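Chemist: Below is one structure. I have some questions about it.
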Amino acid sequence: MSYNSTGHSHPDVTWQQVFKNLDRKGQALNIQIRRSLVLAIETGIIKKGDKLPSSRHLAGLVGVARNTVTAAYKLLIDDGFLISKDRSGIFVAADILPAPSRIISSRQKTNWPESFAVAPSQLRHLQKSRDWQQHSYPFLYGQFDPAIFPTNDWREAIRATSSVSEISHWAGDRIDDDDPELIEQLCVQVLPRRGIFAQRDEILITLGSQQALSMLVQLFGKAGSKIGFEDPGYPDIRNMVQMSPATEQALAVDKKGVIPNADFSACSVAFLTINKHCPTTVTMPAERRREVLRKAIAHDIVLIEDDYEADMMLDESVKPNSLKSLDQDGRIIYTGSFSKSLAPGLRIGYIVAAPDVIRELRVLRRLIMRHPPSNNQRILATFIALGHYTQHLERNGKILAQRAELIRNLLPQVMPDCAFEYEKGSMSFWIRLPENCDGQELQKAARNKGVLIEAGDIFFTSPEAGKRFIRLGFTSITGTHIETGLKTLGSLIPRTAH
């Protein structure tokens with residue numbers, strides 16, 4: 001037990017409560033202890049003048065080394081949160097601002113929906129499992145495996161951009177500019193992989209490809225225009241178009257990608273996934289690409305190519321160029337991202353388009369959020385310039401290709417009544433279930449067994465059309481868990497009588 005300066009006691013259980021969220025696998029423990037104490041002070045759990053336990057006593061209470069507590073105390077003293085009194089101990093500083101009182105109004109506005117211009121929550125959305133790391137078999141697309149993230153290389157890039165001179169380059173208000181080094185790396189190292197050779201004024205950095213797609217819908221989605229999207233396809237594009245003044249047009253897809261039929265020809269703008277179609281993984285063959293481009297030119301259609309899996313070529317024999325590489329009149333707008341190839345939380349994407357389009361998008365982006373964080377842009381640019389990005393792609397490509405091959409060999413054994421599509425180089429499998437199996441029901445049953453999958457109906461404009469499909473990703477699951485996870489999943493799928 002410890003005592004505050006006025007003699008009131010603080011039982012050990014209070015301090016255990018303050019530090020109950022220490023994560024032995026998370027940040028350095030001295031940082032976590034400092035964060036916990038600052039939070040306790042700012043929320044009023046610990047008040048000014050209160051005495052803290054001795055470093056030895058607190059170390060014993062929370063199960064850490066005494067030096068860890070001592071280091072945390074010293075830094076909080078330096079920052080003015082704590083004070084040390086000779087032969088008395090360590091206390092909360094008297095000049096810390098008091099915790100704000102929370103005022104709850106007895107009158108609350110309840111008719112908010114009547115004020116909304118749009119209702120995005122009423123649309124059908126991809127449901128992402130936020131607790132996916134707590135499950136043994138996360139066959140999820142779009143997440144990453146922390147074990148294969150290039151941690152040391154990323155730290156080197158952070159250190160290289162943290163000197164005083166480097167900070168002076170990225171810490172200022174860039175208004176609507178992007179980091180010139182990241183633009184340079186895109187021009188020299190990243191885009192040429194996809195057959196794109198762009199100038200600086202043809203590139204805009206975004207908060208992932210999601211913001212890129214959203215801004216493009218805003219820019220082109222005027223009343224009277226018709227915007228096409230693939231069906232099945234990426235659900236968020238469908239939702240973005242539905243919230244715009246434009247008319248929506250679902251575009252049919254076959255084994256070669258989008259079908260350039262009359263529906264396609266009637267569009268003003270069309271969003272397409274040419275390489276690794278979402279969600280079927282189909283890569284559009286050269287003949288279909290030329291046909292799509294001919295139709296776009298004949299009917300003056302703006303094509304927006306969402307190359308969301310760019311760079312992640314898991315099979316060295318499969319390296320298709322982008323549709324943008326065939327662009328002769330600048331009608332193709334290309335979007336890419338580092339979310340799939342590096343980490344989804346990085347939130348850095350880009351748009352490649354004609355200078356007139358980029359100029360307009362730059363102003364639009366400024367009105368929304370000025371520009372993506374400059375420090376993240378510079379870190380990524382340095383990471384690429386040091387050669388780490390290329391090494392990461394090669395290393396990860398081999399690991400993920402091995403996982404893909406393992407799944408490809410196991411699926412016929414563990415799910416004999418299912419049909420699956422997988423294009424070499426993709427990071428997911430598209431699976432058609434037996435007639436008596438529903439994707440949503442399977443998703444729920446699998447979750448109860450620790451297996452996470454994605455039901456396929458969300459990718460279709462008509463949920464009924466996709467009820468027998470699931471998507472199986474493999475970027476987030478540990479390779480050693482794949483076989484057991486697939487067998488568990490397969491045991492939940494009813495067998496068809498033969």
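By convention here, the chains of the structure tokens are called A, B, ... in the order presented, each chain's residues are numbered starting at 1, and ligands are numbered starting at 1 in the order presented.
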Please run DSSP on the backbone and report, as a PyMOL selection string, all residues within segment 359-459 of chain A that come out as alpha helix (DSSP H).
Modeler: chain A and resi 359-369+374-385+388-414+439-448
Chemist: Could you give me, as a Markdown table, every segment 373-450 of chain A residue with an atom at most 12 Å from segment 237-260 of chain A, plus its closest atom pair and distance in Å to one decimal, counting only C-alpha atoms, rows ordered by chain then number?
Modeler:
| residue | atom | partner | partner_atom | distance |
| --- | --- | --- | --- | --- |
| A:Glu421 | CA | A:Lys255 | CA | 9.7 |
| A:Tyr422 | CA | A:Lys255 | CA | 11.3 |
| A:Glu423 | CA | A:Lys255 | CA | 10.7 |
Chemist: So that I can see what lies close to segment 182-189 of chain A, please list as a PDB file with N, CA and C atoms, in the first residue's frame the residues with an atom at most 9 Å from it, counting only C-alpha atoms and leaving out residues fewer than 4 positions away in the same chain.
Modeler:
ATOM      1  N   ASP A 178       3.202  17.043 -53.011  1.00  0.00           N
ATOM      2  CA  ASP A 178       3.602  15.724 -52.541  1.00  0.00           C
ATOM      3  C   ASP A 178       5.111  15.697 -52.335  1.00  0.00           C
ATOM      4  N   ARG A 193       7.546  -1.005 -63.504  1.00  0.00           N
ATOM      5  CA  ARG A 193       7.225  -2.426 -63.356  1.00  0.00           C
ATOM      6  C   ARG A 193       5.918  -2.773 -64.068  1.00  0.00           C
ATOM      7  N   ILE A 196       4.473   1.605 -67.107  1.00  0.00           N
ATOM      8  CA  ILE A 196       4.024   3.003 -67.090  1.00  0.00           C
ATOM      9  C   ILE A 196       5.232   3.909 -66.904  1.00  0.00           C
ATOM     10  N   PHE A 197       5.381   4.878 -67.796  1.00  0.00           N
ATOM     11  CA  PHE A 197       6.480   5.832 -67.711  1.00  0.00           C
ATOM     12  C   PHE A 197       5.870   7.227 -67.636  1.00  0.00           C
ATOM     13  N   ALA A 198       5.719   7.707 -66.406  1.00  0.00           N
ATOM     14  CA  ALA A 198       4.987   8.946 -66.148  1.00  0.00           C
ATOM     15  C   ALA A 198       5.927  10.093 -65.817  1.00  0.00           C
ATOM     16  N   GLN A 199       5.429  11.308 -66.040  1.00  0.00           N
ATOM     17  CA  GLN A 199       6.135  12.522 -65.639  1.00  0.00           C
ATOM     18  C   GLN A 199       5.630  12.952 -64.258  1.00  0.00           C
ATOM     19  N   ARG A 200       6.373  13.830 -63.623  1.00  0.00           N
ATOM     20  CA  ARG A 200       6.037  14.254 -62.256  1.00  0.00           C
ATOM     21  C   ARG A 200       4.652  14.884 -62.164  1.00  0.00           C
ATOM     22  N   ILE A 203       1.300  12.567 -61.559  1.00  0.00           N
ATOM     23  CA  ILE A 203       1.161  11.699 -60.388  1.00  0.00           C
ATOM     24  C   ILE A 203       0.642  12.490 -59.190  1.00  0.00           C
ATOM     25  N   LEU A 204      -0.281  11.897 -58.454  1.00  0.00           N
ATOM     26  CA  LEU A 204      -0.799  12.469 -57.212  1.00  0.00           C
ATOM     27  C   LEU A 204      -0.796  11.383 -56.140  1.00  0.00           C
ATOM     28  N   ILE A 205      -0.308  11.724 -54.946  1.00  0.00           N
ATOM     29  CA  ILE A 205      -0.296  10.779 -53.829  1.00  0.00           C
ATOM     30  C   ILE A 205      -1.636  10.870 -53.083  1.00  0.00           C
ATOM     31  N   GLN A 377       5.272   9.781 -46.387  1.00  0.00           N
ATOM     32  CA  GLN A 377       5.706   9.788 -47.786  1.00  0.00           C
ATOM     33  C   GLN A 377       7.227   9.684 -47.883  1.00  0.00           C
ATOM     34  N   ARG A 378       7.925  10.481 -47.046  1.00  0.00           N
ATOM     35  CA  ARG A 378       9.395  10.484 -47.114  1.00  0.00           C
ATOM     36  C   ARG A 378       9.972   9.152 -46.629  1.00  0.00           C
ATOM     37  N   ILE A 379       9.387   8.561 -45.602  1.00  0.00           N
ATOM     38  CA  ILE A 379       9.865   7.261 -45.119  1.00  0.00           C
ATOM     39  C   ILE A 379       9.726   6.217 -46.217  1.00  0.00           C
ATOM     40  N   LEU A 380       8.572   6.188 -46.867  1.00  0.00           N
ATOM     41  CA  LEU A 380       8.354   5.214 -47.940  1.00  0.00           C
ATOM     42  C   LEU A 380       9.318   5.459 -49.097  1.00  0.00           C
ATOM     43  N   ALA A 381       9.532   6.723 -49.451  1.00  0.00           N
ATOM     44  CA  ALA A 381      10.468   7.037 -50.529  1.00  0.00           C
ATOM     45  C   ALA A 381      11.865   6.527 -50.205  1.00  0.00           C
ATOM     46  N   THR A 382      12.287   6.717 -48.957  1.00  0.00           N
ATOM     47  CA  THR A 382      13.609   6.261 -48.528  1.00  0.00           C
ATOM     48  C   THR A 382      13.680   4.739 -48.526  1.00  0.00           C
ATOM     49  N   ILE A 384      12.089   2.714 -50.439  1.00  0.00           N
ATOM     50  CA  ILE A 384      12.209   2.261 -51.831  1.00  0.00           C
ATOM     51  C   ILE A 384      13.607   2.557 -52.361  1.00  0.00           C
ATOM     52  N   ALA A 385      14.111   3.771 -52.095  1.00  0.00           N
ATOM     53  CA  ALA A 385      15.406   4.188 -52.633  1.00  0.00           C
ATOM     54  C   ALA A 385      16.560   3.329 -52.120  1.00  0.00           C
ATOM     55  N   THR A 390      12.212  -3.544 -53.277  1.00  0.00           N
ATOM     56  CA  THR A 390      12.443  -4.619 -54.240  1.00  0.00           C
ATOM     57  C   THR A 390      12.758  -5.925 -53.521  1.00  0.00           C
TER      58      THR A 390
END
Chemist: Between A:Phe383, A:Pro434, A:Ile399, A:Thr484, which is the closest to Thr151 of chain A once you count only C-alpha atoms?
Modeler: A:Phe383
Chemist: Can you check which residues of segment 151-384 of chain A DSSP gives as strand (DSSP E or B) on the backbone and send them as number ranges by chain?
Modeler: A: 203-206, 226-231, 247-254, 257-258, 269-272, 302-306, 332-337, 349-352
Chemist: Those same residues - N, CA, C and O atoms - I'd like them written as a compact mmCIF listing (two decimals), in the first residue's frame.
Modeler:
# COMPACT_ATOMS: atom_id res chain seq x y z
N ILE A 203 1.30 12.57 -61.56
CA ILE A 203 1.16 11.70 -60.39
C ILE A 203 0.64 12.49 -59.19
O ILE A 203 1.09 13.61 -58.92
N LEU A 204 -0.28 11.90 -58.45
CA LEU A 204 -0.80 12.47 -57.21
C LEU A 204 -0.80 11.38 -56.14
O LEU A 204 -1.23 10.26 -56.39
N ILE A 205 -0.31 11.72 -54.95
CA ILE A 205 -0.30 10.78 -53.83
C ILE A 205 -1.64 10.87 -53.08
O ILE A 205 -2.18 11.95 -52.89
N THR A 206 -2.14 9.71 -52.66
CA THR A 206 -3.43 9.66 -51.97
C THR A 206 -3.31 8.81 -50.70
O THR A 206 -2.32 8.11 -50.50
N LYS A 226 -22.96 8.35 -66.77
CA LYS A 226 -23.20 6.97 -66.39
C LYS A 226 -21.85 6.33 -66.04
O LYS A 226 -20.95 6.30 -66.87
N ILE A 227 -21.75 5.84 -64.80
CA ILE A 227 -20.50 5.25 -64.33
C ILE A 227 -20.67 3.74 -64.21
O ILE A 227 -21.58 3.25 -63.54
N GLY A 228 -19.77 3.01 -64.88
CA GLY A 228 -19.83 1.56 -64.85
C GLY A 228 -18.87 0.97 -63.85
O GLY A 228 -17.78 1.50 -63.62
N PHE A 229 -19.28 -0.15 -63.25
CA PHE A 229 -18.42 -0.90 -62.33
C PHE A 229 -18.70 -2.38 -62.53
O PHE A 229 -19.79 -2.79 -62.94
N GLU A 230 -17.71 -3.19 -62.26
CA GLU A 230 -17.79 -4.62 -62.52
C GLU A 230 -18.78 -5.30 -61.56
O GLU A 230 -18.90 -4.94 -60.40
N ASP A 231 -19.48 -6.32 -62.09
CA ASP A 231 -20.43 -7.09 -61.30
C ASP A 231 -20.27 -8.57 -61.62
O ASP A 231 -20.67 -9.01 -62.68
N THR A 247 -25.49 8.16 -62.77
CA THR A 247 -26.27 6.93 -62.93
C THR A 247 -25.33 5.74 -62.87
O THR A 247 -24.26 5.75 -63.48
N GLU A 248 -25.69 4.71 -62.14
CA GLU A 248 -24.83 3.53 -62.01
C GLU A 248 -25.13 2.52 -63.11
O GLU A 248 -26.26 2.40 -63.58
N GLN A 249 -24.08 1.80 -63.50
CA GLN A 249 -24.22 0.76 -64.51
C GLN A 249 -23.37 -0.44 -64.11
O GLN A 249 -22.14 -0.36 -64.12
N ALA A 250 -24.02 -1.54 -63.74
CA ALA A 250 -23.31 -2.77 -63.44
C ALA A 250 -22.82 -3.39 -64.74
O ALA A 250 -23.58 -3.48 -65.72
N LEU A 251 -21.55 -3.81 -64.78
CA LEU A 251 -20.95 -4.37 -65.99
C LEU A 251 -20.67 -5.86 -65.79
O LEU A 251 -20.01 -6.25 -64.82
N ALA A 252 -21.16 -6.66 -66.70
CA ALA A 252 -21.00 -8.11 -66.61
C ALA A 252 -19.53 -8.51 -66.78
O ALA A 252 -18.77 -7.86 -67.49
N VAL A 253 -19.17 -9.61 -66.12
CA VAL A 253 -17.81 -10.13 -66.14
C VAL A 253 -17.84 -11.60 -66.51
O VAL A 253 -18.73 -12.34 -66.09
N ASP A 254 -16.87 -12.03 -67.33
CA ASP A 254 -16.74 -13.45 -67.63
C ASP A 254 -15.33 -13.91 -67.32
O ASP A 254 -14.60 -13.25 -66.58
N GLY A 257 -12.63 -11.25 -67.85
CA GLY A 257 -12.79 -9.93 -67.26
C GLY A 257 -14.06 -9.25 -67.73
O GLY A 257 -15.02 -9.91 -68.16
N VAL A 258 -14.08 -7.92 -67.67
CA VAL A 258 -15.29 -7.19 -68.05
C VAL A 258 -15.63 -7.44 -69.52
O VAL A 258 -14.74 -7.56 -70.37
N VAL A 269 -17.85 6.74 -67.82
CA VAL A 269 -16.66 6.35 -67.06
C VAL A 269 -16.84 4.90 -66.66
O VAL A 269 -17.95 4.46 -66.35
N ALA A 270 -15.74 4.13 -66.65
CA ALA A 270 -15.81 2.73 -66.22
C ALA A 270 -14.63 2.42 -65.30
O ALA A 270 -13.48 2.70 -65.65
N PHE A 271 -14.94 1.86 -64.13
CA PHE A 271 -13.91 1.42 -63.18
C PHE A 271 -13.64 -0.06 -63.42
O PHE A 271 -14.56 -0.89 -63.34
N LEU A 272 -12.38 -0.41 -63.69
CA LEU A 272 -12.04 -1.78 -64.06
C LEU A 272 -10.83 -2.28 -63.27
O LEU A 272 -9.91 -1.52 -62.98
N VAL A 302 -14.02 7.26 -70.32
CA VAL A 302 -12.85 7.39 -69.44
C VAL A 302 -12.71 6.07 -68.69
O VAL A 302 -13.64 5.60 -68.03
N LEU A 303 -11.53 5.46 -68.78
CA LEU A 303 -11.27 4.20 -68.10
C LEU A 303 -10.43 4.45 -66.85
O LEU A 303 -9.38 5.10 -66.92
N ILE A 304 -10.90 3.94 -65.73
CA ILE A 304 -10.14 4.07 -64.48
C ILE A 304 -9.69 2.67 -64.08
O ILE A 304 -10.50 1.80 -63.74
N GLU A 305 -8.39 2.45 -64.16
CA GLU A 305 -7.81 1.14 -63.89
C GLU A 305 -7.38 1.05 -62.43
O GLU A 305 -6.45 1.75 -61.99
N ASP A 306 -8.04 0.18 -61.68
CA ASP A 306 -7.72 -0.03 -60.27
C ASP A 306 -6.77 -1.23 -60.18
O ASP A 306 -7.20 -2.37 -60.15
N ILE A 332 -6.92 6.79 -69.98
CA ILE A 332 -6.87 5.82 -68.88
C ILE A 332 -6.26 6.48 -67.64
O ILE A 332 -5.16 7.05 -67.70
N ILE A 333 -6.97 6.41 -66.56
CA ILE A 333 -6.49 6.90 -65.27
C ILE A 333 -6.13 5.68 -64.43
O ILE A 333 -6.93 4.74 -64.30
N TYR A 334 -4.92 5.68 -63.91
CA TYR A 334 -4.39 4.51 -63.21
C TYR A 334 -4.31 4.78 -61.71
O TYR A 334 -3.83 5.83 -61.30
N THR A 335 -4.80 3.84 -60.89
CA THR A 335 -4.66 3.97 -59.43
C THR A 335 -3.91 2.76 -58.90
O THR A 335 -4.12 1.63 -59.34
N GLY A 336 -3.03 3.01 -57.95
CA GLY A 336 -2.26 1.94 -57.31
C GLY A 336 -2.10 2.22 -55.83
O GLY A 336 -2.49 3.29 -55.34
N SER A 337 -1.52 1.28 -55.13
CA SER A 337 -1.42 1.40 -53.68
C SER A 337 -0.30 0.52 -53.16
O SER A 337 0.09 -0.46 -53.79
N GLY A 349 -1.36 5.59 -51.46
CA GLY A 349 -1.68 5.17 -52.81
C GLY A 349 -1.32 6.28 -53.77
O GLY A 349 -0.71 7.29 -53.38
N TYR A 350 -1.73 6.14 -55.02
CA TYR A 350 -1.37 7.15 -56.01
C TYR A 350 -2.29 7.07 -57.21
O TYR A 350 -2.91 6.03 -57.48
N ILE A 351 -2.36 8.18 -57.93
CA ILE A 351 -3.11 8.27 -59.18
C ILE A 351 -2.15 8.71 -60.26
O ILE A 351 -1.35 9.63 -60.06
N VAL A 352 -2.23 8.06 -61.42
CA VAL A 352 -1.46 8.48 -62.60
C VAL A 352 -2.47 8.86 -63.68
O VAL A 352 -3.32 8.04 -64.05
Chemist: Give one line per residue of segment 66-141 of chain A that approaches segment 453-470 of chain A to at most 10 Å, naming the two atoms of the closest pair and their distance in Å to one decimal, counting only C-alpha atoms; sort by chain then ascending residue number and deliver it as a tab-separated table.
Modeler:
residue	atom	partner	partner_atom	distance
A:Arg124	CA	A:Ile458	CA	7.0
A:His125	CA	A:Ile458	CA	6.9
A:Leu126	CA	A:Ile458	CA	6.4
A:Gln127	CA	A:Glu454	CA	8.2
A:Lys128	CA	A:Glu454	CA	8.6
A:Ser129	CA	A:Ile453	CA	9.6
A:Tyr137	CA	A:Ile453	CA	8.9
A:Pro138	CA	A:Ile453	CA	6.9
A:Phe139	CA	A:Ile453	CA	5.3
A:Leu140	CA	A:Ile453	CA	5.8
A:Tyr141	CA	A:Glu454	CA	8.2
Chemist: Please save N, CA, C and O atoms of the selected residues as a JSON list (two decimals), in the first residue's frame.
Modeler:
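Written out: out.json:
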[["chain", "number", "residue", "atom", "x", "y", "z"],
["A", 124, "ARG", "N", -24.67, -1.73, -48.57],
["A", 124, "ARG", "CA", -24.04, -3.01, -48.24],
["A", 124, "ARG", "C", -22.52, -2.86, -48.30],
["A", 124, "ARG", "O", -21.97, -2.40, -49.29],
["A", 125, "HIS", "N", -21.86, -3.25, -47.22],
["A", 125, "HIS", "CA", -20.41, -3.06, -47.12],
["A", 125, "HIS", "C", -19.69, -4.37, -46.84],
["A", 125, "HIS", "O", -20.25, -5.30, -46.24],
["A", 126, "LEU", "N", -18.42, -4.41, -47.25],
["A", 126, "LEU", "CA", -17.54, -5.49, -46.82],
["A", 126, "LEU", "C", -17.40, -5.44, -45.31],
["A", 126, "LEU", "O", -17.13, -4.37, -44.74],
["A", 127, "GLN", "N", -17.59, -6.56, -44.64],
["A", 127, "GLN", "CA", -17.43, -6.63, -43.20],
["A", 127, "GLN", "C", -16.04, -7.17, -42.87],
["A", 127, "GLN", "O", -15.71, -8.29, -43.23],
["A", 128, "LYS", "N", -15.23, -6.36, -42.20],
["A", 128, "LYS", "CA", -13.88, -6.76, -41.86],
["A", 128, "LYS", "C", -13.81, -7.16, -40.39],
["A", 128, "LYS", "O", -14.31, -6.44, -39.52],
["A", 129, "SER", "N", -13.18, -8.29, -40.09],
["A", 129, "SER", "CA", -13.02, -8.75, -38.71],
["A", 129, "SER", "C", -11.89, -7.96, -38.04],
["A", 129, "SER", "O", -10.73, -8.11, -38.41],
["A", 137, "TYR", "N", -6.97, -19.21, -37.77],
["A", 137, "TYR", "CA", -6.97, -19.46, -39.22],
["A", 137, "TYR", "C", -7.63, -18.31, -39.98],
["A", 137, "TYR", "O", -8.73, -18.45, -40.52],
["A", 138, "PRO", "N", -6.95, -17.15, -40.04],
["A", 138, "PRO", "CA", -7.53, -16.00, -40.75],
["A", 138, "PRO", "C", -7.24, -16.05, -42.25],
["A", 138, "PRO", "O", -6.24, -15.52, -42.73],
["A", 139, "PHE", "N", -8.14, -16.68, -43.01],
["A", 139, "PHE", "CA", -8.00, -16.71, -44.47],
["A", 139, "PHE", "C", -8.61, -15.44, -45.04],
["A", 139, "PHE", "O", -9.61, -15.47, -45.78],
["A", 140, "LEU", "N", -8.01, -14.32, -44.71],
["A", 140, "LEU", "CA", -8.58, -13.03, -45.07],
["A", 140, "LEU", "C", -7.74, -12.36, -46.15],
["A", 140, "LEU", "O", -6.51, -12.43, -46.15],
["A", 141, "TYR", "N", -8.43, -11.67, -47.02],
["A", 141, "TYR", "CA", -7.76, -10.88, -48.04],
["A", 141, "TYR", "C", -7.58, -9.46, -47.51],
["A", 141, "TYR", "O", -8.46, -8.92, -46.85]]
Chemist: Using only C-alpha atoms, find the one residue out of A:Ile477, A:Leu323, A:Cys267, A:Ile83 that sits nearest to His135 of chain A.
Modeler: A:Ile477
Chemist: Which residues come within 7 Å of Phe420 of chain A, counting only C-alpha atoms, excluding same-chain residues fewer than 4 positions away, as a PDB file with all heavy atoms, in the first residue's frame?
Modeler:
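This went into out.pdb:
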ATOM      1  N   PHE A 429      -8.199 -16.938 -53.361  1.00  0.00           N
ATOM      2  CA  PHE A 429      -8.902 -17.934 -54.177  1.00  0.00           C
ATOM      3  C   PHE A 429     -10.388 -17.593 -54.162  1.00  0.00           C
ATOM      4  O   PHE A 429     -10.935 -17.194 -53.132  1.00  0.00           O
ATOM      5  CB  PHE A 429      -8.702 -19.342 -53.604  1.00  0.00           C
ATOM      6  CG  PHE A 429      -7.337 -19.921 -53.843  1.00  0.00           C
ATOM      7  CD1 PHE A 429      -6.233 -19.472 -53.134  1.00  0.00           C
ATOM      8  CD2 PHE A 429      -7.150 -20.928 -54.792  1.00  0.00           C
ATOM      9  CE1 PHE A 429      -4.973 -20.008 -53.344  1.00  0.00           C
ATOM     10  CE2 PHE A 429      -5.892 -21.470 -55.018  1.00  0.00           C
ATOM     11  CZ  PHE A 429      -4.794 -21.013 -54.295  1.00  0.00           C
ATOM     12  N   TRP A 430     -11.032 -17.759 -55.304  1.00  0.00           N
ATOM     13  CA  TRP A 430     -12.470 -17.510 -55.440  1.00  0.00           C
ATOM     14  C   TRP A 430     -13.137 -18.872 -55.551  1.00  0.00           C
ATOM     15  O   TRP A 430     -12.859 -19.632 -56.481  1.00  0.00           O
ATOM     16  CB  TRP A 430     -12.726 -16.664 -56.674  1.00  0.00           C
ATOM     17  CG  TRP A 430     -14.144 -16.245 -56.916  1.00  0.00           C
ATOM     18  CD1 TRP A 430     -14.889 -16.525 -58.028  1.00  0.00           C
ATOM     19  CD2 TRP A 430     -14.984 -15.452 -56.076  1.00  0.00           C
ATOM     20  NE1 TRP A 430     -16.138 -15.950 -57.928  1.00  0.00           N
ATOM     21  CE2 TRP A 430     -16.218 -15.285 -56.733  1.00  0.00           C
ATOM     22  CE3 TRP A 430     -14.813 -14.866 -54.821  1.00  0.00           C
ATOM     23  CZ2 TRP A 430     -17.283 -14.558 -56.194  1.00  0.00           C
ATOM     24  CZ3 TRP A 430     -15.866 -14.135 -54.277  1.00  0.00           C
ATOM     25  CH2 TRP A 430     -17.080 -13.983 -54.943  1.00  0.00           C
ATOM     26  N   ILE A 431     -13.993 -19.208 -54.593  1.00  0.00           N
ATOM     27  CA  ILE A 431     -14.512 -20.567 -54.463  1.00  0.00           C
ATOM     28  C   ILE A 431     -16.030 -20.596 -54.611  1.00  0.00           C
ATOM     29  O   ILE A 431     -16.737 -19.809 -53.961  1.00  0.00           O
ATOM     30  CB  ILE A 431     -14.101 -21.161 -53.097  1.00  0.00           C
ATOM     31  CG1 ILE A 431     -12.569 -21.194 -52.989  1.00  0.00           C
ATOM     32  CG2 ILE A 431     -14.691 -22.555 -52.918  1.00  0.00           C
ATOM     33  CD1 ILE A 431     -12.058 -21.657 -51.650  1.00  0.00           C
ATOM     34  N   ARG A 432     -16.490 -21.498 -55.477  1.00  0.00           N
ATOM     35  CA  ARG A 432     -17.924 -21.720 -55.644  1.00  0.00           C
ATOM     36  C   ARG A 432     -18.323 -22.934 -54.815  1.00  0.00           C
ATOM     37  O   ARG A 432     -17.775 -24.032 -54.984  1.00  0.00           O
ATOM     38  CB  ARG A 432     -18.282 -21.940 -57.118  1.00  0.00           C
ATOM     39  CG  ARG A 432     -19.786 -22.035 -57.372  1.00  0.00           C
ATOM     40  CD  ARG A 432     -20.075 -22.355 -58.839  1.00  0.00           C
ATOM     41  NE  ARG A 432     -21.516 -22.361 -59.092  1.00  0.00           N
ATOM     42  CZ  ARG A 432     -22.206 -21.320 -59.557  1.00  0.00           C
ATOM     43  NH1 ARG A 432     -21.573 -20.195 -59.839  1.00  0.00           N
ATOM     44  NH2 ARG A 432     -23.501 -21.405 -59.743  1.00  0.00           N
TER      45      ARG A 432
END
Chemist: Taking only C-alpha atoms into account, name the residue in A:Leu386, A:Leu452, A:Leu492, A:Leu410 that is nearest to Cys437 of chain A.
Modeler: A:Leu492
Chemist: Taking 4 positions as the minimum chain separation for residues in the same chain, which residues sit within 9 Å of Ala72 of chain A when counting only C-alpha atoms? Answer as a PyMOL selection string.
Modeler: chain A and resi 29-34+67-68+76-77
Chemist: Just the number, please: distance in Å from atom CA of Gly330 of chain A to atom CA of Asp300 of chain A, one decimal.
Modeler: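 Atom CA of Asp300 of chain A lies 11.4 Å from atom CA of Gly330 of chain A.
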